[in-house]
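Engineer: To be precise about what I am sending: the file is called run_8.cif and holds mmCIF, C-alpha atoms.
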```
data_input
loop_
_atom_site.label_atom_id
_atom_site.label_comp_id
_atom_site.auth_asym_id
_atom_site.auth_seq_id
_atom_site.Cartn_x
_atom_site.Cartn_y
_atom_site.Cartn_z
CA MET A 1 -105.13 25.06 0.33
CA SER A 2 -103.04 23.97 -2.59
CA GLU A 3 -99.71 22.49 -1.61
CA PHE A 4 -96.58 23.83 -3.20
CA LYS A 5 -93.14 22.40 -2.74
CA LYS A 6 -91.00 25.01 -4.46
CA LEU A 7 -90.84 28.72 -3.84
CA ALA A 8 -88.85 31.22 -5.90
CA ILE A 9 -88.35 34.73 -4.58
CA ILE A 10 -87.08 37.48 -6.84
CA LEU A 11 -85.67 40.27 -4.72
CA GLU A 12 -85.22 43.40 -6.79
CA SER A 13 -85.83 46.35 -4.46
CA GLY A 14 -83.07 47.94 -2.42
CA ASP A 15 -85.51 48.80 0.39
CA TYR A 16 -84.55 47.18 3.66
CA GLU A 17 -88.15 46.23 4.45
CA LYS A 18 -88.45 44.21 1.27
CA ALA A 19 -85.29 42.27 2.06
CA HIS A 20 -86.71 41.68 5.54
CA ILE A 21 -90.09 40.31 4.45
CA ALA A 22 -88.40 38.20 1.76
CA ALA A 23 -86.15 36.72 4.46
CA MET A 24 -89.13 36.08 6.77
CA ILE A 25 -91.10 34.24 4.08
CA ALA A 26 -88.02 32.35 2.88
CA SER A 27 -87.21 31.22 6.44
CA VAL A 28 -90.64 29.92 7.30
CA ALA A 29 -91.00 28.22 3.92
CA ALA A 30 -87.55 26.62 4.16
CA VAL A 31 -88.37 25.06 7.53
CA SER A 32 -91.77 23.88 6.24
CA GLU A 33 -90.36 21.38 3.75
CA ILE A 34 -90.46 23.84 0.85
CA GLU A 35 -87.44 24.20 -1.42
CA VAL A 36 -86.67 27.93 -1.57
CA SER A 37 -84.52 29.85 -4.03
CA ILE A 38 -83.88 33.57 -3.84
CA PHE A 39 -82.66 35.54 -6.83
CA ILE A 40 -81.05 38.86 -5.88
CA THR A 41 -81.03 41.39 -8.65
CA MET A 42 -81.02 45.15 -9.42
CA ASN A 43 -80.81 47.43 -6.35
CA ALA A 44 -81.33 44.53 -3.94
CA ILE A 45 -77.69 43.54 -4.50
CA TYR A 46 -76.52 46.47 -2.35
CA ASN A 47 -78.10 44.91 0.75
CA PHE A 48 -75.97 41.79 0.22
CA LEU A 49 -72.61 43.55 -0.09
CA LYS A 50 -70.28 42.77 2.82
CA VAL A 51 -69.15 46.39 2.94
CA ASN A 52 -72.70 47.72 3.40
CA VAL A 53 -73.67 45.09 5.96
CA LYS A 54 -70.52 45.79 7.97
CA GLU A 55 -71.34 49.49 8.09
CA ASN A 56 -75.04 48.80 8.60
CA LYS A 57 -75.70 50.89 5.50
CA PHE A 58 -79.26 50.20 4.42
CA THR A 59 -82.04 52.24 2.91
CA GLY A 60 -85.39 51.86 4.55
CA GLY A 61 -88.50 53.57 5.86
CA LYS A 62 -90.41 53.76 9.14
CA ILE A 63 -90.49 50.03 9.76
CA PHE A 64 -86.76 49.74 9.15
CA GLU A 65 -86.23 52.37 11.85
CA LYS A 66 -88.47 50.39 14.25
CA LEU A 67 -86.71 47.12 13.48
CA LYS A 68 -83.39 48.78 14.32
CA GLU A 69 -84.76 50.41 17.47
CA LYS A 70 -86.20 47.12 18.75
CA LYS A 71 -83.09 45.21 17.70
CA ALA A 72 -85.01 42.72 15.59
CA GLN A 73 -82.94 40.05 13.90
CA MET A 74 -81.50 41.40 10.64
CA PHE A 75 -82.59 39.84 7.36
CA TYR A 76 -79.16 38.32 6.62
CA ASP A 77 -79.02 36.57 10.01
CA MET A 78 -82.52 35.23 9.38
CA LEU A 79 -81.40 33.85 6.02
CA ASP A 80 -78.27 32.35 7.53
CA GLN A 81 -80.32 30.54 10.17
CA ALA A 82 -82.85 29.35 7.57
CA LYS A 83 -80.00 27.87 5.53
CA MET A 84 -78.95 25.78 8.52
CA PHE A 85 -82.47 24.50 9.12
CA GLY A 86 -83.85 23.94 5.65
CA GLY A 87 -83.49 23.98 1.91
CA LEU A 88 -82.65 27.54 0.95
CA LYS A 89 -80.39 28.68 -1.88
CA ILE A 90 -79.46 32.29 -2.58
CA TYR A 91 -78.28 33.40 -6.00
CA ALA A 92 -77.02 36.76 -7.18
CA CYS A 93 -77.81 38.02 -10.67
CA SER A 94 -74.74 37.77 -12.93
CA MET A 95 -75.77 40.79 -14.94
CA VAL A 96 -75.77 43.12 -11.92
CA MET A 97 -72.50 41.66 -10.71
CA ASP A 98 -70.91 42.41 -14.08
CA LEU A 99 -72.42 45.87 -14.12
CA LEU A 100 -70.93 46.74 -10.73
CA ASP A 101 -67.71 44.76 -11.21
CA LEU A 102 -68.50 42.61 -8.20
CA LYS A 103 -66.81 39.37 -7.26
CA LYS A 104 -68.37 36.59 -5.24
CA GLU A 105 -66.18 37.61 -2.27
CA ASP A 106 -67.85 41.02 -2.22
CA LEU A 107 -71.14 39.38 -1.37
CA LEU A 108 -72.21 37.91 1.98
CA ASP A 109 -71.22 34.28 2.45
CA ILE A 110 -74.90 33.28 2.54
CA VAL A 111 -74.98 33.84 -1.25
CA ASP A 112 -74.42 30.44 -2.84
CA ASP A 113 -73.62 31.40 -6.39
CA HIS A 114 -74.35 33.82 -9.20
CA LEU A 115 -76.65 32.86 -12.02
CA GLY A 116 -77.96 34.12 -15.30
CA LEU A 117 -81.65 34.32 -16.03
CA ALA A 118 -81.87 31.12 -18.06
CA ALA A 119 -80.55 29.22 -15.06
CA PHE A 120 -82.90 30.95 -12.63
CA LEU A 121 -85.86 30.42 -14.96
CA SER A 122 -85.22 26.71 -14.87
CA ILE A 123 -85.14 26.88 -11.06
CA MET A 124 -88.47 28.75 -11.17
CA GLU A 125 -90.10 26.02 -13.23
CA GLY A 126 -93.04 24.64 -11.27
CA ALA A 127 -92.36 27.00 -8.36
CA GLN A 128 -94.62 29.53 -6.74
CA THR A 129 -92.93 32.87 -7.41
CA ILE A 130 -92.98 36.08 -5.39
CA THR A 131 -91.26 39.32 -6.35
CA PHE A 132 -90.13 42.04 -3.97
CA MET C 1 -105.00 19.00 26.04
CA ALA C 2 -106.82 20.83 28.83
CA ASP C 3 -105.23 23.87 30.44
CA LEU C 4 -104.89 22.09 33.75
CA ASP C 5 -102.86 19.30 32.16
CA LEU C 6 -100.66 21.79 30.32
CA LYS C 7 -99.89 23.58 33.58
CA ASN C 8 -98.62 20.31 35.01
CA ILE C 9 -96.43 19.48 32.06
CA LYS C 10 -92.75 19.21 32.78
CA ALA C 11 -91.05 20.36 29.59
CA THR C 12 -87.73 18.77 28.63
CA VAL C 13 -86.52 22.22 27.72
CA VAL C 14 -87.94 25.73 27.98
CA VAL C 15 -86.98 28.36 25.40
CA ASP C 16 -87.63 31.97 26.25
CA ALA C 17 -88.11 33.67 22.89
CA ARG C 18 -89.52 36.91 24.28
CA GLY C 19 -87.87 39.86 22.60
CA THR C 20 -87.71 38.12 19.24
CA TYR C 21 -90.13 38.99 16.48
CA CYS C 22 -91.96 36.70 14.09
CA PRO C 23 -90.66 34.24 12.92
CA GLY C 24 -88.17 34.30 15.84
CA PRO C 25 -90.14 32.13 18.31
CA LEU C 26 -90.79 29.52 15.62
CA MET C 27 -87.12 29.44 14.66
CA GLU C 28 -86.13 29.08 18.33
CA LEU C 29 -88.48 26.11 18.62
CA ILE C 30 -86.99 24.51 15.52
CA LYS C 31 -83.46 25.02 16.85
CA GLU C 32 -84.39 23.08 20.02
CA MET C 33 -86.42 20.45 18.20
CA ARG C 34 -83.44 19.58 16.04
CA GLN C 35 -81.22 19.10 19.09
CA GLN C 36 -83.54 17.26 21.45
CA PRO C 37 -84.28 13.53 21.15
CA VAL C 38 -87.63 12.16 19.98
CA GLY C 39 -90.14 12.23 22.84
CA SER C 40 -88.93 15.59 24.19
CA ILE C 41 -91.40 18.27 25.16
CA ILE C 42 -90.38 21.79 24.25
CA GLU C 43 -91.99 24.87 25.75
CA VAL C 44 -91.54 28.13 23.89
CA ILE C 45 -92.29 31.37 25.69
CA SER C 46 -93.33 33.98 23.16
CA GLY C 47 -94.22 37.62 23.54
CA ASP C 48 -95.53 37.67 20.00
CA ALA C 49 -99.26 36.91 19.62
CA GLY C 50 -98.83 35.65 16.06
CA SER C 51 -96.57 32.83 17.14
CA ALA C 52 -99.30 31.24 19.26
CA LYS C 53 -101.13 30.66 15.96
CA ASP C 54 -98.08 30.18 13.77
CA VAL C 55 -96.33 27.47 15.75
CA PRO C 56 -99.31 25.02 15.78
CA GLU C 57 -99.69 25.54 12.04
CA TRP C 58 -96.04 24.70 11.47
CA LEU C 59 -96.18 21.65 13.75
CA LYS C 60 -99.14 20.32 11.77
CA LYS C 61 -97.31 20.90 8.51
CA VAL C 62 -94.20 18.97 9.55
CA ASN C 63 -96.11 16.28 11.50
CA GLN C 64 -94.83 17.09 14.96
CA GLU C 65 -97.22 17.21 17.92
CA PHE C 66 -98.83 20.39 19.24
CA LEU C 67 -99.77 19.95 22.89
CA GLY C 68 -101.38 23.32 23.48
CA VAL C 69 -100.88 26.93 24.41
CA LEU C 70 -101.34 28.80 27.68
CA GLU C 71 -101.97 32.51 27.57
CA GLU C 72 -100.31 34.36 30.42
CA ASN C 73 -100.08 38.06 31.11
CA ASN C 74 -98.53 39.50 27.91
CA TYR C 75 -96.89 36.27 26.85
CA TRP C 76 -97.77 32.82 25.58
CA ARG C 77 -96.45 29.40 26.60
CA ILE C 78 -96.52 27.08 23.62
CA PHE C 79 -95.99 23.35 24.11
CA ALA C 80 -94.75 20.99 21.42
CA LYS C 81 -93.61 17.39 21.40
CA LYS C 82 -91.00 15.99 19.08
CA VAL C 83 -92.54 12.76 17.79
CA LYS C 84 -90.18 12.06 14.92
CA ASP C 85 -86.66 12.91 13.80
CA MET C 86 -86.09 16.07 11.85
#
```
Before anything else, please render the file you have as structure tokens.
Structural biologist:
Amino acid sequence: MSEFKKLAIILESGDYEKAHIAAMIASVAAVSEIEVSIFITMNAIYNFLKVNVKENKFTGGKIFEKLKEKKAQMFYDMLDQAKMFGGLKIYACSMVMDLLDLKKEDLLDIVDDHLGLAAFLSIMEGAQTITF
Amino acid sequence: MADLDLKNIKATVVVDARGTYCPGPLMELIKEMRQQPVGSIIEVISGDAGSAKDVPEWLKKVNQEFLGVLEENNYWRIFAKKVKDM
């Protein structure tokens, strides 16, 4: 198995399940001595808005319904915990924030900053990248 | 470690992670490992079959000691020892 030390996750989809698997992979990687960066862009931004999280307003399919029914830990709590235990940074896409007139305060506190693509591309350099 | 020895182990702390889903049991173990001193034995009770395979893999990766796993009726008892600071 080849060893990688950096993982970049691009989260684009607004589907709850994709946010959930991204959070699962990010958590386990972050506690396994891998430096993880998540870039939230396009429809995925809606899952990181305080207002939607507060109202539990997510879009998902069958597995989302099961996760709710079985009271599984939500993706944002998973990410919060991973940030305490390991190296995990979460960035929101500046373009989408501009498009929706969002401010940093509109996003969950687990979001570290907002970045443009040039900045995220430099973070991705030498990293294994996964897109959801 | 043989099953018999595992059954006699007195864990420093036991974490019941039943009811959490992957990677819940692993994260519960990490939470305890960070708090307990070096030399502590942590037992994680997991209702999730994947964790019985996942936890040893993680322990190997971060150079902590895996003592073994006992399969009970519908749950697993996973034993780990903190051998270095984290």
Engineer: Residues of chain A within 10 Å of chain C, counting all atoms listed in the file, what are they? List them as a list in words.
Structural biologist: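 Those within range of chain C come out as Ala23, Met24, Ile25, Ser27, Val28, Ala29, Val31, Ser32, Glu33, Leu67, Lys70, Lys71, Ala72, Gln73, Met78, Gln81, Ala82, Met84 and Phe85 of chain A.
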Engineer: Store the residues picked out above in a file with C-alpha atoms, as a PDB file, in the frame of the given file.
Structural biologist:
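Okay, this is what ended up in selection.pdb:
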```
ATOM      1  CA  ALA A  23     -86.150  36.720   4.460  1.00  0.00           C
ATOM      2  CA  MET A  24     -89.130  36.080   6.770  1.00  0.00           C
ATOM      3  CA  ILE A  25     -91.100  34.240   4.080  1.00  0.00           C
ATOM      4  CA  SER A  27     -87.210  31.220   6.440  1.00  0.00           C
ATOM      5  CA  VAL A  28     -90.640  29.920   7.300  1.00  0.00           C
ATOM      6  CA  ALA A  29     -91.000  28.220   3.920  1.00  0.00           C
ATOM      7  CA  VAL A  31     -88.370  25.060   7.530  1.00  0.00           C
ATOM      8  CA  SER A  32     -91.770  23.880   6.240  1.00  0.00           C
ATOM      9  CA  GLU A  33     -90.360  21.380   3.750  1.00  0.00           C
ATOM     10  CA  LEU A  67     -86.710  47.120  13.480  1.00  0.00           C
ATOM     11  CA  LYS A  70     -86.200  47.120  18.750  1.00  0.00           C
ATOM     12  CA  LYS A  71     -83.090  45.210  17.700  1.00  0.00           C
ATOM     13  CA  ALA A  72     -85.010  42.720  15.590  1.00  0.00           C
ATOM     14  CA  GLN A  73     -82.940  40.050  13.900  1.00  0.00           C
ATOM     15  CA  MET A  78     -82.520  35.230   9.380  1.00  0.00           C
ATOM     16  CA  GLN A  81     -80.320  30.540  10.170  1.00  0.00           C
ATOM     17  CA  ALA A  82     -82.850  29.350   7.570  1.00  0.00           C
ATOM     18  CA  MET A  84     -78.950  25.780   8.520  1.00  0.00           C
ATOM     19  CA  PHE A  85     -82.470  24.500   9.120  1.00  0.00           C
TER      20      PHE A  85
END
```
Engineer: A:Asp106, A:Phe39, A:Phe4, A:Ile90: which is nearest Val53 in chain A, counting only C-alpha atoms?
Structural biologist: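 Checking each of A:Asp106, A:Phe39, A:Phe4, A:Ile90 against Val53 in chain A, counting only C-alpha atoms, the winner is A:Asp106.
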Engineer: Measure the distance from CA of Pro56 in chain C to CA of Val38 in chain C in Å and round it to one decimal.
Structural biologist: 17.9 Å
Engineer: Going by the chain IDs and residue numbers used in this file, which residues fall under the PyMOL selection byres ((chain A and resi 37) around 7)? Write them as a list in words.
Structural biologist: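 Selected by the PyMOL selection byres ((chain A and resi 37) around 7) here: Leu7, Ala8, Ile9, Glu35, Val36, Ile38, Phe39, Leu88, Lys89 and Ile90 of chain A.
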Engineer: Around the point (-91.4, 10.3, 17.1) in the file's coordinates, collect all residues with an atom within 10 Å, using all atoms listed in the file, and return them as a list of chain:residue names.
Structural biologist: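 Neighbouring residues, ordered by chain and number, come to C:Pro37, C:Val38, C:Gly39, C:Ser40, C:Asn63, C:Gln64, C:Glu65, C:Lys81, C:Lys82, C:Val83, C:Lys84, C:Asp85, C:Met86.
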Engineer: Neighbouring residues of Glu12 in chain A were defined as those with any atom within 7 Å, considering all atoms listed in the file; residues of the same chain fewer than 3 positions away were excluded. Please report them as a CSV table (one decimal) with C-alpha atoms, in the coordinates of the input.
Structural biologist:
```csv
chain,number,residue,atom,x,y,z
A,40,ILE,CA,-81.0,38.9,-5.9
A,41,THR,CA,-81.0,41.4,-8.6
A,42,MET,CA,-81.0,45.2,-9.4
A,43,ASN,CA,-80.8,47.4,-6.4
A,44,ALA,CA,-81.3,44.5,-3.9
A,132,PHE,CA,-90.1,42.0,-4.0
```
Engineer: Do you know which residues the PyMOL selection byres ((chain A and resi 121) around 12) returns on this file, as a VMD selection string?
Structural biologist: chain A and resid 8 to 10 37 to 39 93 115 to 120 122 to 127 129
Engineer: Given the file above and the PyMOL selection byres ((chain A and resi 48) around 10), which residues are selected, and can you give them as a VMD selection string?
Structural biologist: chain A and resid 14 19 40 43 to 47 49 to 53 58 75 to 76 92 106 to 111
Engineer: Go through A:Ala30, A:Met74, A:Glu69, A:His114 and flag the residue nearest Ser94 in chain A, using all atoms listed in the file for the distances.
Structural biologist: A:His114
Engineer: Between CA of Ile45 in chain C and CA of Asn8 in chain C, what is the distance, to one decimal in Å?
Structural biologist: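 CA of Asn8 in chain C lies 15.8 Å from CA of Ile45 in chain C.
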Engineer: Write out as a PDB file with C-alpha atoms, in the coordinates of the input the residues lying within 12 Å of range 68-71 of chain C, counting only C-alpha atoms and excluding same-chain residues fewer than 4 positions away.
Structural biologist:
```pdb
ATOM      1  CA  MET C   1    -105.000  19.000  26.040  1.00  0.00           C
ATOM      2  CA  ALA C   2    -106.820  20.830  28.830  1.00  0.00           C
ATOM      3  CA  ASP C   3    -105.230  23.870  30.440  1.00  0.00           C
ATOM      4  CA  LEU C   4    -104.890  22.090  33.750  1.00  0.00           C
ATOM      5  CA  ASP C   5    -102.860  19.300  32.160  1.00  0.00           C
ATOM      6  CA  LEU C   6    -100.660  21.790  30.320  1.00  0.00           C
ATOM      7  CA  LYS C   7     -99.890  23.580  33.580  1.00  0.00           C
ATOM      8  CA  ASN C   8     -98.620  20.310  35.010  1.00  0.00           C
ATOM      9  CA  ILE C   9     -96.430  19.480  32.060  1.00  0.00           C
ATOM     10  CA  ILE C  41     -91.400  18.270  25.160  1.00  0.00           C
ATOM     11  CA  ILE C  42     -90.380  21.790  24.250  1.00  0.00           C
ATOM     12  CA  GLU C  43     -91.990  24.870  25.750  1.00  0.00           C
ATOM     13  CA  VAL C  44     -91.540  28.130  23.890  1.00  0.00           C
ATOM     14  CA  ILE C  45     -92.290  31.370  25.690  1.00  0.00           C
ATOM     15  CA  SER C  46     -93.330  33.980  23.160  1.00  0.00           C
ATOM     16  CA  GLY C  47     -94.220  37.620  23.540  1.00  0.00           C
ATOM     17  CA  ASP C  48     -95.530  37.670  20.000  1.00  0.00           C
ATOM     18  CA  ALA C  49     -99.260  36.910  19.620  1.00  0.00           C
ATOM     19  CA  SER C  51     -96.570  32.830  17.140  1.00  0.00           C
ATOM     20  CA  ALA C  52     -99.300  31.240  19.260  1.00  0.00           C
ATOM     21  CA  LYS C  53    -101.130  30.660  15.960  1.00  0.00           C
ATOM     22  CA  ASP C  54     -98.080  30.180  13.770  1.00  0.00           C
ATOM     23  CA  VAL C  55     -96.330  27.470  15.750  1.00  0.00           C
ATOM     24  CA  PRO C  56     -99.310  25.020  15.780  1.00  0.00           C
ATOM     25  CA  GLU C  57     -99.690  25.540  12.040  1.00  0.00           C
ATOM     26  CA  LEU C  59     -96.180  21.650  13.750  1.00  0.00           C
ATOM     27  CA  TYR C  75     -96.890  36.270  26.850  1.00  0.00           C
ATOM     28  CA  TRP C  76     -97.770  32.820  25.580  1.00  0.00           C
ATOM     29  CA  ARG C  77     -96.450  29.400  26.600  1.00  0.00           C
ATOM     30  CA  ILE C  78     -96.520  27.080  23.620  1.00  0.00           C
ATOM     31  CA  PHE C  79     -95.990  23.350  24.110  1.00  0.00           C
ATOM     32  CA  ALA C  80     -94.750  20.990  21.420  1.00  0.00           C
ATOM     33  CA  LYS C  81     -93.610  17.390  21.400  1.00  0.00           C
TER      34      LYS C  81
END
```
Engineer: Counting all atoms listed in the file, figure out which residue out of A:Ala26, A:Ile63, A:Met97, A:Ile34 gets nearest to Leu11 in chain A.
Structural biologist: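 Ranking A:Ala26, A:Ile63, A:Met97, A:Ile34 by distance to Leu11 in chain A, first place goes to A:Ala26.
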Engineer: What gap, in Å, lies between CA of Leu29 in chain C and CA of Gly50 in chain C?
Structural biologist: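 Rounded to one decimal, the two atoms are 14.3 Å apart.
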Engineer: Would you output range 1-24 of chain A from that structure, restricted to N, CA, C and O atoms, as a short mmCIF file (atom, residue, chain, number, x, y, z; two decimals), in the first residue's frame?
Structural biologist:
```cif
data_model
loop_
_atom_site.label_atom_id
_atom_site.label_comp_id
_atom_site.auth_asym_id
_atom_site.auth_seq_id
_atom_site.Cartn_x
_atom_site.Cartn_y
_atom_site.Cartn_z
N MET A 1 0.85 -1.20 0.00
CA MET A 1 0.00 0.00 0.00
C MET A 1 0.88 1.24 0.00
O MET A 1 1.79 1.36 0.80
N SER A 2 0.58 2.15 -0.91
CA SER A 2 1.39 3.37 -0.93
C SER A 2 0.91 4.29 0.19
O SER A 2 -0.28 4.43 0.46
N GLU A 3 1.85 4.92 0.84
CA GLU A 3 1.53 5.80 1.95
C GLU A 3 1.25 7.20 1.43
O GLU A 3 1.99 7.71 0.60
N PHE A 4 0.17 7.80 1.87
CA PHE A 4 0.00 9.20 1.53
C PHE A 4 -0.22 9.99 2.81
O PHE A 4 -0.76 9.49 3.77
N LYS A 5 0.25 11.20 2.81
CA LYS A 5 0.24 12.01 4.03
C LYS A 5 -0.74 13.17 3.94
O LYS A 5 -0.98 13.85 4.92
N LYS A 6 -1.21 13.42 2.73
CA LYS A 6 -2.14 14.55 2.54
C LYS A 6 -3.36 14.08 1.77
O LYS A 6 -3.24 13.35 0.78
N LEU A 7 -4.51 14.50 2.23
CA LEU A 7 -5.75 14.13 1.56
C LEU A 7 -6.58 15.40 1.33
O LEU A 7 -6.78 16.19 2.25
N ALA A 8 -7.01 15.60 0.09
CA ALA A 8 -7.87 16.73 -0.22
C ALA A 8 -9.22 16.18 -0.65
O ALA A 8 -9.29 15.27 -1.48
N ILE A 9 -10.27 16.69 -0.05
CA ILE A 9 -11.62 16.25 -0.41
C ILE A 9 -12.38 17.44 -0.98
O ILE A 9 -12.46 18.49 -0.33
N ILE A 10 -12.88 17.27 -2.19
CA ILE A 10 -13.72 18.32 -2.78
C ILE A 10 -15.16 17.86 -2.63
O ILE A 10 -15.54 16.80 -3.13
N LEU A 11 -15.92 18.62 -1.87
CA LEU A 11 -17.32 18.26 -1.62
C LEU A 11 -18.20 19.22 -2.41
O LEU A 11 -18.25 20.42 -2.11
N GLU A 12 -18.85 18.67 -3.42
CA GLU A 12 -19.60 19.51 -4.36
C GLU A 12 -21.10 19.25 -4.26
O GLU A 12 -21.92 20.15 -4.39
N SER A 13 -21.46 17.99 -4.00
CA SER A 13 -22.87 17.59 -4.01
C SER A 13 -23.62 18.08 -2.76
O SER A 13 -23.06 18.14 -1.68
N GLY A 14 -24.88 18.41 -2.94
CA GLY A 14 -25.71 18.80 -1.82
C GLY A 14 -26.37 17.61 -1.12
O GLY A 14 -27.04 17.78 -0.11
N ASP A 15 -26.16 16.40 -1.65
CA ASP A 15 -26.76 15.21 -1.04
C ASP A 15 -26.19 14.96 0.35
O ASP A 15 -24.97 14.95 0.52
N TYR A 16 -27.07 14.70 1.29
CA TYR A 16 -26.61 14.45 2.65
C TYR A 16 -25.62 13.30 2.72
O TYR A 16 -24.59 13.37 3.39
N GLU A 17 -25.91 12.21 2.00
CA GLU A 17 -25.06 11.02 2.06
C GLU A 17 -23.61 11.32 1.66
O GLU A 17 -22.68 10.75 2.19
N LYS A 18 -23.47 12.22 0.69
CA LYS A 18 -22.11 12.54 0.25
C LYS A 18 -21.35 13.34 1.31
O LYS A 18 -20.16 13.13 1.51
N ALA A 19 -22.06 14.23 1.99
CA ALA A 19 -21.43 14.96 3.09
C ALA A 19 -21.04 13.97 4.19
O ALA A 19 -19.98 14.09 4.81
N HIS A 20 -21.90 12.96 4.39
CA HIS A 20 -21.66 11.99 5.46
C HIS A 20 -20.43 11.12 5.17
O HIS A 20 -19.57 10.96 6.03
N ILE A 21 -20.33 10.59 3.96
CA ILE A 21 -19.16 9.75 3.65
C ILE A 21 -17.89 10.60 3.62
O ILE A 21 -16.82 10.15 4.07
N ALA A 22 -18.00 11.83 3.15
CA ALA A 22 -16.83 12.72 3.15
C ALA A 22 -16.35 12.93 4.59
O ALA A 22 -15.15 12.88 4.88
N ALA A 23 -17.31 13.13 5.50
CA ALA A 23 -16.96 13.35 6.91
C ALA A 23 -16.36 12.09 7.53
O ALA A 23 -15.43 12.16 8.34
N MET A 24 -16.88 10.91 7.14
CA MET A 24 -16.34 9.65 7.67
C MET A 24 -14.89 9.47 7.24
O MET A 24 -14.01 9.17 8.06
#
```
